[in-house]
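Below: model23.txt (compact mmCIF, C-alpha atoms)
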```txt
# COMPACT_ATOMS: atom_id res chain seq x y z
CA MET A 30 120.55 52.00 214.91
CA ALA A 31 123.91 50.49 215.77
CA SER A 32 125.32 50.12 212.25
CA SER A 33 123.69 53.16 210.63
CA ARG A 34 125.88 56.09 209.60
CA VAL A 35 123.03 58.54 208.95
CA PHE A 36 124.20 61.97 210.18
CA THR A 37 126.67 60.40 212.63
CA LYS A 38 129.75 62.21 211.29
CA ILE A 39 128.34 64.62 208.72
CA THR A 40 125.23 66.20 210.19
CA LYS A 41 122.26 67.59 208.30
CA ALA A 42 123.57 71.13 208.90
CA ASP A 43 126.96 70.11 207.49
CA CYS A 44 125.26 68.73 204.37
CA SER A 45 123.47 72.04 203.83
CA THR A 46 126.77 73.91 204.21
CA LEU A 47 128.58 71.59 201.79
CA ARG A 48 125.87 72.02 199.16
CA GLY A 49 126.35 75.79 199.34
CA THR A 50 130.15 75.79 198.95
CA GLU A 51 132.55 75.10 196.08
CA GLY A 52 136.25 74.41 195.58
CA GLU A 53 138.51 75.42 198.43
CA ASP A 54 135.58 76.37 200.65
CA THR A 55 134.33 72.78 200.43
CA ARG A 56 137.79 71.45 201.28
CA ALA A 57 138.01 73.77 204.28
CA GLU A 58 134.62 72.59 205.50
CA LEU A 59 135.68 68.94 205.18
CA LYS A 60 138.85 69.67 207.14
CA ARG A 61 136.69 71.11 209.91
CA ILE A 62 134.34 68.12 209.96
CA TYR A 63 137.17 65.54 209.97
CA SER A 64 139.63 67.56 212.07
CA SER A 65 140.02 64.84 214.72
CA GLU A 66 140.73 62.10 212.14
CA LEU A 67 143.07 64.27 210.05
CA GLY A 68 145.08 65.19 213.15
CA SER A 69 146.39 61.60 213.38
CA TYR A 70 148.34 61.90 210.12
CA GLN A 71 151.99 62.80 210.48
CA SER A 72 152.55 64.81 207.29
CA GLU A 73 150.65 67.51 205.44
CA HIS A 74 150.98 65.43 202.29
CA ASP A 75 148.89 62.60 203.78
CA THR A 76 146.26 65.08 204.98
CA THR A 77 146.01 66.57 201.50
CA ILE A 78 145.39 63.14 199.95
CA ILE A 79 142.56 62.35 202.39
CA VAL A 80 140.94 65.77 201.94
CA ASP A 81 141.12 65.30 198.17
CA LEU A 82 139.41 61.90 198.50
CA LEU A 83 136.65 63.37 200.67
CA TYR A 84 136.24 66.34 198.33
CA HIS A 85 135.63 64.24 195.21
CA ALA A 86 133.29 61.93 197.14
CA THR A 87 131.32 64.95 198.37
CA VAL A 88 131.06 66.47 194.89
CA PHE A 89 129.78 63.13 193.54
CA GLY A 90 127.28 62.82 196.38
CA ILE A 91 125.92 66.33 195.85
CA GLU A 92 125.42 65.70 192.13
CA GLN A 93 123.97 62.18 192.57
CA PHE A 94 121.78 62.45 195.67
CA ASP A 95 119.13 65.01 196.57
CA ASP A 96 118.71 63.45 200.01
CA ASP A 97 121.15 64.72 202.64
CA ALA A 98 121.03 61.37 204.43
CA LYS A 99 122.43 59.58 201.37
CA LEU A 100 125.19 62.18 201.03
CA SER A 101 126.17 61.83 204.68
CA VAL A 102 126.16 58.02 204.61
CA PHE A 103 128.09 57.68 201.35
CA VAL A 104 130.98 59.95 202.37
CA SER A 105 131.12 58.35 205.83
CA LEU A 106 131.17 54.79 204.44
CA LEU A 107 133.95 55.56 201.98
CA PHE A 108 136.09 57.16 204.69
CA ASP A 109 135.41 54.32 207.16
CA THR A 110 136.33 51.73 204.52
CA HIS A 111 139.59 53.57 203.79
CA GLN A 112 140.52 53.76 207.47
CA GLU A 113 139.83 50.07 208.16
CA SER A 114 141.53 48.91 204.94
CA MET A 115 144.71 50.85 205.73
CA ASP A 116 144.80 49.78 209.39
CA GLN A 117 144.35 46.10 208.55
CA LYS A 118 146.38 46.27 205.31
CA LEU A 119 143.60 44.60 203.35
CA GLN A 120 144.15 43.51 199.79
CA LEU A 121 142.06 44.92 196.95
CA LEU A 122 139.32 42.29 196.92
CA GLU A 123 139.12 42.22 200.71
CA SER A 124 138.62 45.98 200.83
CA ILE A 125 135.92 45.78 198.16
CA LYS A 126 134.06 43.13 200.17
CA LEU A 127 134.27 45.35 203.23
CA PHE A 128 132.79 48.31 201.35
CA GLU A 129 130.06 46.09 199.87
CA SER A 130 129.04 44.84 203.31
CA LYS A 131 128.76 48.40 204.60
CA LEU A 132 126.77 49.43 201.53
CA VAL A 133 124.38 46.49 201.71
CA SER A 134 123.65 47.27 205.37
CA HIS A 135 122.24 50.60 204.15
CA SER A 136 120.26 49.08 201.26
CA VAL A 137 117.88 46.71 203.10
CA HIS A 138 115.24 47.79 205.61
CA ARG A 139 115.72 45.55 208.64
CA PRO A 140 115.65 47.67 211.80
CA PRO A 141 117.41 47.97 214.13
CA LYS A 142 120.37 46.33 212.34
CA THR A 143 120.10 47.87 208.86
CA VAL A 144 118.35 50.77 207.21
CA CYS A 145 117.24 51.12 203.58
CA LEU A 146 118.63 54.27 201.92
CA PHE A 147 120.13 53.28 198.56
CA ASN A 148 118.20 51.67 195.72
CA ALA A 149 119.54 49.69 192.74
CA VAL A 150 120.27 52.85 190.70
CA ASP A 151 122.19 54.38 193.60
CA LEU A 152 124.23 51.20 194.11
CA SER A 153 125.23 51.06 190.45
CA ALA A 154 126.30 54.72 190.42
CA ILE A 155 128.23 54.39 193.70
CA HIS A 156 130.18 51.34 192.56
CA THR A 157 131.05 52.89 189.22
CA PHE A 158 132.41 55.98 190.97
CA VAL A 159 134.29 54.14 193.74
CA VAL A 160 135.94 51.64 191.39
CA ASP A 161 136.95 54.34 188.87
CA THR A 162 138.41 56.65 191.52
CA TYR A 163 139.37 55.03 194.82
CA TYR A 164 140.02 51.39 193.89
CA ARG A 165 141.73 52.34 190.66
CA HIS A 166 144.51 53.87 192.81
CA TYR A 167 144.14 51.50 195.76
CA LYS A 168 147.74 50.28 195.60
CA MET A 169 148.92 53.89 195.88
CA TYR A 170 146.76 54.46 198.98
CA LEU A 171 148.03 51.19 200.47
CA TYR A 172 151.66 52.21 199.84
CA VAL A 173 151.24 55.67 201.38
CA PHE A 174 149.06 54.93 204.42
CA SER A 175 150.23 51.47 205.53
CA THR A 176 153.52 50.44 207.09
CA PRO A 177 155.67 48.07 205.01
CA THR A 178 156.13 44.50 206.22
CA LEU A 179 159.83 43.71 206.57
CA LEU A 180 159.64 40.30 208.21
CA THR A 181 156.85 37.97 209.27
CA VAL A 182 157.72 35.48 212.02
CA SER A 183 155.35 32.79 213.22
CA THR A 184 155.92 30.35 216.06
CA GLY A 185 154.38 26.97 216.68
CA ALA A 186 154.54 24.21 219.25
CA MET A 187 156.95 21.37 218.47
CA GLN A 188 155.49 17.89 218.47
CA VAL A 189 157.71 14.82 218.81
CA VAL A 190 156.34 11.86 216.88
CA VAL A 191 157.49 8.46 218.17
CA PRO A 192 157.54 5.92 215.35
CA GLN A 193 155.53 2.77 215.94
CA GLN A 194 157.19 -0.60 216.11
CA PRO A 195 157.12 -2.30 212.72
CA VAL A 196 155.03 -5.42 212.33
CA LYS A 197 157.15 -8.56 212.36
CA PHE A 198 156.13 -11.34 210.01
CA ARG A 199 157.23 -14.93 210.32
CA PRO A 200 159.71 -16.21 207.74
CA LEU A 201 158.42 -18.08 204.70
CA SER A 202 160.21 -21.22 205.86
CA GLU A 203 157.61 -21.54 208.63
CA GLY A 204 154.68 -21.21 206.28
CA VAL A 205 152.20 -24.02 205.62
CA PRO A 206 151.05 -24.81 202.06
CA GLU A 207 147.38 -24.34 201.27
CA ASN A 208 146.82 -28.03 200.43
CA VAL A 209 147.97 -29.16 203.91
CA GLN A 210 145.18 -30.41 206.16
CA PRO A 211 144.65 -28.79 209.61
CA GLU A 212 145.95 -31.89 211.39
CA GLN A 213 149.15 -31.82 209.37
CA ALA A 214 149.55 -28.05 210.01
CA THR A 215 149.28 -28.69 213.76
CA SER A 216 151.98 -31.34 213.57
CA VAL A 217 154.24 -29.00 211.62
CA VAL A 218 153.89 -26.36 214.32
CA ALA A 219 154.50 -28.93 217.03
CA ASP A 220 157.69 -30.10 215.34
CA ASN A 221 159.03 -26.52 215.07
CA PRO A 222 159.98 -25.13 218.54
CA GLU A 223 160.55 -21.57 217.19
CA VAL A 224 156.94 -21.34 216.02
CA GLN A 225 155.69 -22.50 219.42
CA ASP A 226 157.60 -19.76 221.24
CA GLN A 227 155.93 -16.95 219.24
CA PRO A 228 152.65 -15.61 220.70
CA ALA A 229 149.49 -16.24 218.79
CA ALA A 230 147.65 -13.40 217.16
CA SER A 231 145.17 -11.83 219.52
CA THR A 232 141.56 -11.69 218.47
CA PRO A 233 139.47 -8.62 219.31
CA PRO A 234 137.01 -9.12 222.18
CA PRO A 235 133.32 -9.39 221.32
CA PRO A 236 131.35 -6.18 221.57
CA GLU A 237 129.54 -5.52 224.81
CA ASP A 238 125.79 -5.51 225.10
CA GLY A 239 125.69 -1.74 225.52
CA ALA A 240 127.62 -1.21 222.29
CA ALA A 241 125.32 -3.58 220.41
CA VAL A 242 122.24 -1.84 221.74
CA GLN A 243 123.69 1.52 220.88
CA GLY A 244 124.44 0.39 217.32
CA GLU A 245 120.91 -0.95 216.92
CA VAL A 246 119.44 2.31 218.17
CA SER A 247 121.59 4.38 215.81
CA ASP A 248 120.64 2.14 212.87
CA THR A 249 116.93 2.33 213.56
CA ALA A 250 116.86 6.03 214.40
CA SER A 251 115.21 8.11 211.70
CA PRO A 252 117.30 10.95 210.19
CA SER A 253 116.39 14.43 211.27
CA GLU A 254 114.41 16.46 208.82
CA PRO A 255 116.40 19.15 206.98
CA VAL A 256 115.92 22.62 208.35
CA SER A 257 114.35 24.92 205.82
CA LYS A 258 116.40 27.97 204.94
CA PRO A 259 114.94 31.30 205.99
CA LYS A 260 113.45 33.41 203.29
CA GLY A 261 112.69 37.10 203.03
CA LEU A 262 115.13 39.76 204.21
CA LYS A 263 118.16 37.44 204.39
CA ALA A 264 117.60 36.25 200.83
CA GLN A 265 117.11 39.85 199.72
CA MET A 266 120.40 40.91 201.29
CA ALA A 267 122.22 37.95 199.69
CA SER A 268 120.79 38.84 196.27
CA ILE A 269 121.83 42.49 196.59
CA SER A 270 125.31 41.50 197.76
CA SER A 271 125.70 39.10 194.81
CA GLU A 272 124.71 41.77 192.28
CA VAL A 273 127.05 44.31 193.84
CA SER A 274 129.97 41.83 193.73
CA LYS A 275 129.34 41.10 190.05
CA MET A 276 129.44 44.80 189.16
CA SER A 277 132.64 45.38 191.12
CA HIS A 278 134.51 42.39 189.66
CA ALA A 279 133.47 43.27 186.10
CA LYS A 280 134.68 46.83 186.53
CA LEU A 281 137.98 45.70 188.06
CA ASP A 282 138.62 43.22 185.24
CA ALA A 283 138.12 45.98 182.68
CA LEU A 284 140.54 48.26 184.52
CA GLU A 285 143.17 45.52 184.79
CA GLU A 286 142.93 44.82 181.04
CA ARG A 287 143.33 48.53 180.26
CA ILE A 288 146.36 48.82 182.53
CA ALA A 289 147.91 45.72 180.90
CA GLU A 290 147.39 47.26 177.42
CA LEU A 291 149.04 50.52 178.48
CA GLU A 292 151.99 48.68 179.99
CA ALA A 293 152.39 46.59 176.83
CA GLN A 294 152.37 49.74 174.67
CA GLN A 295 154.92 51.36 176.95
CA GLN A 296 157.24 48.34 176.73
CA ALA A 297 156.81 48.05 172.96
CA ASN A 298 157.77 51.72 172.30
CA PRO A 299 160.35 52.70 174.97
CA ALA A 300 162.23 54.98 172.61
CA LYS A 301 159.10 56.90 171.73
CA GLY A 302 158.35 57.50 175.41
CA GLN A 303 161.91 58.77 176.03
CA LYS A 304 161.67 61.13 173.05
CA ALA A 305 158.41 62.54 174.36
CA ALA A 306 159.93 63.02 177.77
CA GLY A 307 162.87 64.88 176.20
CA LYS A 308 160.52 67.24 174.39
CA LYS A 309 158.70 68.06 177.64
CA LYS A 310 161.99 68.86 179.39
CA GLY A 311 163.07 71.10 176.46
```

Would you write the structure of this file as structure tokens?
Amino acid sequence: MASSRVFTKITKADCSTLRGTEGEDTRAELKRIYSSELGSYQSEHDTTIIVDLLYHATVFGIEQFDDDAKLSVFVSLLFDTHQESMDQKLQLLESIKLFESKLVSHSVHRPPKTVCLFNAVDLSAIHTFVVDTYYRHYKMYLYVFSTPTLLTVSTGAMQVVVPQQPVKFRPLSEGVPENVQPEQATSVVADNPEVQDQPAASTPPPPEDGAAVQGEVSDTASPSEPVSKPKGLKAQMASISSEVSKMSHAKLDALEERIAELEAQQQANPAKGQKAAGKKKG
């Protein structure tokens, strides 16, 4: 399957090895599995952060899933989402949508495009873990692994707009009162040579026969019947994606409120924080 990540990076043998290791042995095994990807990082500090992310994801997968396929897919999806988010410098909500799309493609059975691995309980547990760990520190990951934007320059084609000639109206002195008869209005125009010199207003030509026939055909044509929306797998995928988005946004809102409370407490008691810092230094 083209979009499936089952045993593509972490094989079944690797899953068995990871389940039998702990601590530093697990980290060493993850370094071996992702050696090609980790070699692209310039500093040891960046490599340590990625290995730590993979380690905690692996520990969660071992405790949550008995199936090796779920363990392999979950760790691979989280790492793929991190790589694409950092390369494209996606914002928080954009990265969450990317992870949701990858997760939904492994939650609905529609071969050969998608495969069904995770159920509703698995999706809830995965989103709780990912939001509490990875997306809680997403700004830190974005700062460390993405290049800062110093200047954004955009170019566009210049378009010269020529102003139209303003409409010229005749002066009021040449106007004809409403109660004047047509014969009298004609004599007034004949007596005024300036009015005679001005061209008369052009009237639009009558529509051609083809245009009239075309209008009649369009008026008599019956509207096309609305196309019925497909039901089944597409509706199921849309429902799962909607539920996943609701869980993610609710969790993010709670985290943002907690962070705002902590910042407010820190600003309200700056002296207390400095005193505590002084005690730690002593």

Can you check which parts of stretch 44-126 of chain A lie within 12 Å of stretch 267-291 of chain A? Per residue, the shortest pair of atoms and distance in Å to one decimal, counting all atoms listed in the file, sorted by chain and number, as JSON lines.
```
{"residue": "A:Leu121", "atom": "CA", "partner": "A:Leu281", "partner_atom": "CA", "distance": 9.8}
{"residue": "A:Leu122", "atom": "CA", "partner": "A:His278", "partner_atom": "CA", "distance": 8.7}
{"residue": "A:Glu123", "atom": "CA", "partner": "A:Ser274", "partner_atom": "CA", "distance": 11.5}
{"residue": "A:Ser124", "atom": "CA", "partner": "A:Ser277", "partner_atom": "CA", "distance": 11.4}
{"residue": "A:Ile125", "atom": "CA", "partner": "A:Ser277", "partner_atom": "CA", "distance": 7.8}
{"residue": "A:Lys126", "atom": "CA", "partner": "A:Ser274", "partner_atom": "CA", "distance": 7.7}
```

task: Using all atoms listed in the file, give me every residue within 7 Å of (134.6, 66.5, 201.4) in file coordinates, as a list in words.
output: Thr55, Arg56, Leu59, Val80, Leu83, Tyr84, His85, Ala86 and Thr87 of chain A

Go ahead and save the picked residues with C-alpha atoms, as a PDB file, in the coordinates of the input.
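Now in again-v8.pdb:
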```pdb
ATOM      1  CA  THR A  55     134.330  72.780 200.430  1.00  0.00           C
ATOM      2  CA  ARG A  56     137.790  71.450 201.280  1.00  0.00           C
ATOM      3  CA  LEU A  59     135.680  68.940 205.180  1.00  0.00           C
ATOM      4  CA  VAL A  80     140.940  65.770 201.940  1.00  0.00           C
ATOM      5  CA  LEU A  83     136.650  63.370 200.670  1.00  0.00           C
ATOM      6  CA  TYR A  84     136.240  66.340 198.330  1.00  0.00           C
ATOM      7  CA  HIS A  85     135.630  64.240 195.210  1.00  0.00           C
ATOM      8  CA  ALA A  86     133.290  61.930 197.140  1.00  0.00           C
ATOM      9  CA  THR A  87     131.320  64.950 198.370  1.00  0.00           C
TER      10      THR A  87
END
```

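Distances from A:Asn208, A:Gln112, A:Ser105, A:Thr184 to A:His135 were compared using only C-alpha atoms, and the smallest one belongs to A:Ser105.
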
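Of the residues under consideration (A:Tyr170, A:Phe198, A:Phe147, A:Phe128), A:Tyr170 shows the shortest atom-to-atom contact distance to A:Ile78 when counting only C-alpha atoms.
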
statement: Judged by all atoms listed in the file, the minimum distance to A:Leu171 among A:Leu146, A:Val205, A:Leu132, A:Leu119 is found for A:Leu119

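With atom CA of A:Val182 on one side and atom CA of A:Ser114 on the other, the separation reads 22.2 Å.
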
- prompt: Looking at A:Leu67, A:Leu100, A:Met115, A:Leu82, which one is nearest to A:Lys168, with distances taken over all atoms listed in the file?
  reply: A:Met115

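Distances from A:Ile79, A:Val159, A:Ala154, A:Met187 to A:Gln93 were compared using only C-alpha atoms, and the smallest one belongs to A:Ala154.
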